[in-house]
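Here is the structure we will look at.
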Amino acid sequence: MAQGFSREPGTHGPLEEVPKRAARKITLWAVAIALGGFLLGFDTGVISGAPLYVRQDFALSSLEQSSVVSVLLTGAVVGSVLSGKPADRIGRRRTLGLAGLVLLGGTAVVIFADGFLMLLTGRIVLGLSVGAAPATVPVYLSGIRGRLLTLNQLMITVGILAAYLVNLAFSTGEQWRAMFAVGAVPAALLVAATLWLLPESPQWPITHGRAEVAHRGITTLIGKDAAGQIDRALHQRLRSRQ
């Protein structure tokens, strides 16, 4: 499933053969989509710089401190499992946008936490989001341009690196809330991208009986003749998977 319609994982996608102008636009879309992977890396890495200061502020025990660190991954497992049905029902774009909104909410809870339970709740909400977003990203990317699938893995790594740099920047002032607050920036960009920049992956409307929607989007991007060829390829791949 993660590779969309490709029989050769990571090498093909419905919009793989496109003009250079369209390819640049698709690459921009892919970078925006891969913000979901960046957020997974960031929220996994940012906690490495916060536990000492959180423990001091809230007088946490060792068990409570370790729970705050590890609960993100628990939430991520649940989020990745639960994200499949919404992605099929409402589309990859909307699912990714919802994940970004949930992450903004979780970040707000963490920033304004006044104790262990509120902080733990915020981390669980963050986990749900960072699990759902990267689970949706590979399917979304494969539907647009298969070779850009590796961008998701790259953005996860970049997110971890960014988290460490943010931790370094705010560690001198022991500003652990600011460390988490930075994560709201890429989350807001992801939500904005799903609202005003990103199209839905072309195979989703086709599988929901709205082939004309996919055709209009592809035609706008690459022209009528090329769109007809891609339409036929999409339908053929769908039939081969049934």
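Note on naming: chains are A, B, ... as they come in the structure tokens, residues start from 1 per chain, ligands start from 1 in the order shown.
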Point to revise | Every residue of stretch 47-174 of chain A that DSSP places in alpha helix (DSSP H), as a VMD selection string | key: chain A and resid 51 to 58 62 to 82 84 to 90 92 to 111 116 to 144 150 to 171
Practice item. Please identify all polymer residues within 12 Å of A:Gln56, counting only C-alpha atoms, omitting same-chain residues fewer than 5 positions from it, and present them as a PyMOL selection string. Key: chain A and resi 50-51+61-62+65+115-116+174-176
Any chance you can output those residues with N, CA, C and O atoms as an mmCIF file, in the first residue's frame?
```
data_model
loop_
_atom_site.group_PDB
_atom_site.id
_atom_site.type_symbol
_atom_site.label_atom_id
_atom_site.label_comp_id
_atom_site.auth_asym_id
_atom_site.auth_seq_id
_atom_site.Cartn_x
_atom_site.Cartn_y
_atom_site.Cartn_z
ATOM 1 N N ALA A 50 14.561 18.391 26.821
ATOM 2 C CA ALA A 50 13.625 18.962 27.779
ATOM 3 C C ALA A 50 13.520 18.255 29.131
ATOM 4 O O ALA A 50 13.164 18.904 30.116
ATOM 5 N N PRO A 51 13.778 16.952 29.260
ATOM 6 C CA PRO A 51 13.456 16.235 30.510
ATOM 7 C C PRO A 51 14.041 16.839 31.778
ATOM 8 O O PRO A 51 13.359 16.889 32.812
ATOM 9 N N SER A 61 9.011 12.342 39.200
ATOM 10 C CA SER A 61 9.794 11.173 39.568
ATOM 11 C C SER A 61 10.456 10.605 38.321
ATOM 12 O O SER A 61 10.139 11.013 37.190
ATOM 13 N N SER A 62 11.344 9.641 38.499
ATOM 14 C CA SER A 62 12.007 9.022 37.347
ATOM 15 C C SER A 62 11.001 8.337 36.443
ATOM 16 O O SER A 62 11.111 8.390 35.205
ATOM 17 N N GLN A 65 9.071 11.013 34.476
ATOM 18 C CA GLN A 65 9.918 11.592 33.444
ATOM 19 C C GLN A 65 10.048 10.653 32.255
ATOM 20 O O GLN A 65 9.925 11.081 31.093
ATOM 21 N N GLY A 115 1.336 20.763 34.900
ATOM 22 C CA GLY A 115 1.652 19.610 35.726
ATOM 23 C C GLY A 115 1.874 18.372 34.886
ATOM 24 O O GLY A 115 1.770 18.399 33.649
ATOM 25 N N PHE A 116 2.161 17.266 35.571
ATOM 26 C CA PHE A 116 2.513 16.021 34.889
ATOM 27 C C PHE A 116 1.389 15.513 33.993
ATOM 28 O O PHE A 116 1.629 15.153 32.837
ATOM 29 N N GLU A 174 17.056 27.340 29.719
ATOM 30 C CA GLU A 174 16.183 26.296 30.263
ATOM 31 C C GLU A 174 14.734 26.491 29.786
ATOM 32 O O GLU A 174 13.776 26.256 30.522
ATOM 33 N N GLN A 175 14.577 26.896 28.529
ATOM 34 C CA GLN A 175 13.254 27.218 27.992
ATOM 35 C C GLN A 175 12.661 26.001 27.277
ATOM 36 O O GLN A 175 12.549 25.956 26.052
ATOM 37 N N TRP A 176 12.254 25.004 28.050
ATOM 38 C CA TRP A 176 11.758 23.774 27.437
ATOM 39 C C TRP A 176 10.427 23.986 26.719
ATOM 40 O O TRP A 176 10.132 23.313 25.727
#
```
Point to revise | Long-range neighbours of stretch 193-201 of chain A as a PyMOL selection string, 7 Å cut-off, only C-alpha atoms, 2 positions minimum in chain | key: chain A and resi 29+32+91-94+97+140+143-144+189-191+203-204
Practice item. Please provide as a PyMOL selection string all residues within 12 Å of A:Ser70, with the sequence filter that same-chain residues fewer than 3 positions apart are discarded (counting only C-alpha atoms). Key: chain A and resi 43-45+47-48+51+63-67+73-77+120+123-124+126-127
Just the selected residues (N, CA, C and O atoms), exported as a JSON list (two decimals), in the first residue's frame, please.
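Produced file result-v8.json, reproduced below:
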```
[["chain", "number", "residue", "atom", "x", "y", "z"],
["A", 43, "ASP", "N", 9.46, 15.92, 16.74],
["A", 43, "ASP", "CA", 8.83, 15.64, 18.03],
["A", 43, "ASP", "C", 9.43, 14.42, 18.72],
["A", 43, "ASP", "O", 9.27, 14.26, 19.93],
["A", 44, "THR", "N", 10.11, 13.57, 17.95],
["A", 44, "THR", "CA", 10.86, 12.48, 18.56],
["A", 44, "THR", "C", 12.15, 13.00, 19.17],
["A", 44, "THR", "O", 12.55, 12.56, 20.26],
["A", 45, "GLY", "N", 12.80, 13.94, 18.50],
["A", 45, "GLY", "CA", 14.09, 14.43, 18.96],
["A", 45, "GLY", "C", 14.04, 15.54, 19.98],
["A", 45, "GLY", "O", 14.93, 15.65, 20.84],
["A", 47, "ILE", "N", 12.32, 16.05, 22.61],
["A", 47, "ILE", "CA", 12.20, 15.68, 24.03],
["A", 47, "ILE", "C", 13.55, 15.41, 24.66],
["A", 47, "ILE", "O", 13.70, 15.47, 25.88],
["A", 48, "SER", "N", 14.57, 15.16, 23.84],
["A", 48, "SER", "CA", 15.90, 14.87, 24.39],
["A", 48, "SER", "C", 16.48, 16.05, 25.15],
["A", 48, "SER", "O", 17.30, 15.88, 26.06],
["A", 51, "PRO", "N", 13.78, 16.95, 29.26],
["A", 51, "PRO", "CA", 13.46, 16.24, 30.51],
["A", 51, "PRO", "C", 14.04, 16.84, 31.78],
["A", 51, "PRO", "O", 13.36, 16.89, 32.81],
["A", 63, "LEU", "N", 9.99, 7.70, 37.04],
["A", 63, "LEU", "CA", 8.95, 7.02, 36.25],
["A", 63, "LEU", "C", 8.14, 8.03, 35.45],
["A", 63, "LEU", "O", 7.86, 7.81, 34.26],
["A", 64, "GLU", "N", 7.76, 9.13, 36.08],
["A", 64, "GLU", "CA", 6.99, 10.15, 35.37],
["A", 64, "GLU", "C", 7.80, 10.77, 34.24],
["A", 64, "GLU", "O", 7.27, 11.02, 33.15],
["A", 65, "GLN", "N", 9.07, 11.01, 34.48],
["A", 65, "GLN", "CA", 9.92, 11.59, 33.44],
["A", 65, "GLN", "C", 10.05, 10.65, 32.25],
["A", 65, "GLN", "O", 9.92, 11.08, 31.09],
["A", 66, "SER", "N", 10.27, 9.38, 32.52],
["A", 66, "SER", "CA", 10.40, 8.42, 31.42],
["A", 66, "SER", "C", 9.08, 8.25, 30.69],
["A", 66, "SER", "O", 9.06, 8.01, 29.47],
["A", 67, "SER", "N", 7.96, 8.40, 31.40],
["A", 67, "SER", "CA", 6.65, 8.29, 30.76],
["A", 67, "SER", "C", 6.43, 9.43, 29.78],
["A", 67, "SER", "O", 5.91, 9.24, 28.68],
["A", 73, "LEU", "N", 5.74, 7.72, 21.50],
["A", 73, "LEU", "CA", 5.79, 6.58, 20.59],
["A", 73, "LEU", "C", 4.56, 5.70, 20.73],
["A", 73, "LEU", "O", 4.09, 5.11, 19.75],
["A", 74, "THR", "N", 4.02, 5.61, 21.95],
["A", 74, "THR", "CA", 2.77, 4.86, 22.14],
["A", 74, "THR", "C", 1.65, 5.51, 21.36],
["A", 74, "THR", "O", 0.88, 4.85, 20.65],
["A", 75, "GLY", "N", 1.54, 6.83, 21.47],
["A", 75, "GLY", "CA", 0.54, 7.56, 20.70],
["A", 75, "GLY", "C", 0.76, 7.44, 19.21],
["A", 75, "GLY", "O", -0.21, 7.35, 18.44],
["A", 76, "ALA", "N", 2.03, 7.40, 18.79],
["A", 76, "ALA", "CA", 2.34, 7.30, 17.36],
["A", 76, "ALA", "C", 1.88, 5.97, 16.79],
["A", 76, "ALA", "O", 1.40, 5.91, 15.65],
["A", 77, "VAL", "N", 2.03, 4.90, 17.56],
["A", 77, "VAL", "CA", 1.56, 3.58, 17.10],
["A", 77, "VAL", "C", 0.06, 3.62, 16.88],
["A", 77, "VAL", "O", -0.46, 3.16, 15.85],
["A", 120, "LEU", "N", 1.61, 14.97, 30.04],
["A", 120, "LEU", "CA", 1.49, 13.62, 29.48],
["A", 120, "LEU", "C", 0.40, 13.58, 28.42],
["A", 120, "LEU", "O", 0.57, 12.96, 27.36],
["A", 123, "ARG", "N", 1.64, 15.12, 25.21],
["A", 123, "ARG", "CA", 2.57, 14.23, 24.49],
["A", 123, "ARG", "C", 1.81, 13.09, 23.79],
["A", 123, "ARG", "O", 2.19, 12.67, 22.70],
["A", 124, "ILE", "N", 0.75, 12.60, 24.40],
["A", 124, "ILE", "CA", -0.06, 11.56, 23.75],
["A", 124, "ILE", "C", -0.71, 12.11, 22.48],
["A", 124, "ILE", "O", -0.71, 11.47, 21.42],
["A", 126, "LEU", "N", 0.33, 14.63, 20.69],
["A", 126, "LEU", "CA", 1.42, 14.78, 19.71],
["A", 126, "LEU", "C", 1.73, 13.44, 19.05],
["A", 126, "LEU", "O", 1.97, 13.37, 17.84],
["A", 127, "GLY", "N", 1.74, 12.39, 19.84],
["A", 127, "GLY", "CA", 2.04, 11.06, 19.31],
["A", 127, "GLY", "C", 1.01, 10.62, 18.29],
["A", 127, "GLY", "O", 1.35, 10.06, 17.24]]
```
Check your understanding: Residues at most 8 Å from stretch 165-173 of chain A, counting only C-alpha atoms, excluding those fewer than 3 positions away in the same chain, as a list in words?
Key ->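 Everything that qualifies: Val46, Ser48, Gly49, Ala50, Leu161, Ala162, Trp176, Ala178, Met179 and Val182 of chain A.
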Study note, to complete from the structure: One residue among A:Val102, A:Leu35, A:Val125, A:Ile26 is nearest to A:Val71 when using only C-alpha atoms, and that residue is A:Val125
Point to revise | Å distance separating atom CA of A:Val68 from atom CA of A:Leu128, one decimal place | key: 14.2 Å
Exercise for review: Name the closest residue to A:Leu103 among the candidates A:Ala34, A:Ala23, A:Ile90, A:Ala187; distances are taken between atoms, counting only C-alpha atoms.
Suggested key: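 The answer is A:Ala187, which sits nearest to A:Leu103.
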Point to revise | Gap from atom CA of A:Val54 to atom CA of A:Ala163 - Å, one decimal | key: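 Interatomic distance here is 16.5 Å.
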Point to revise | Computed interatomic separation between atom CA of A:Ile111 and atom CA of A:Asp57 (Å) | key: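 A separation of 12.8 Å between them.
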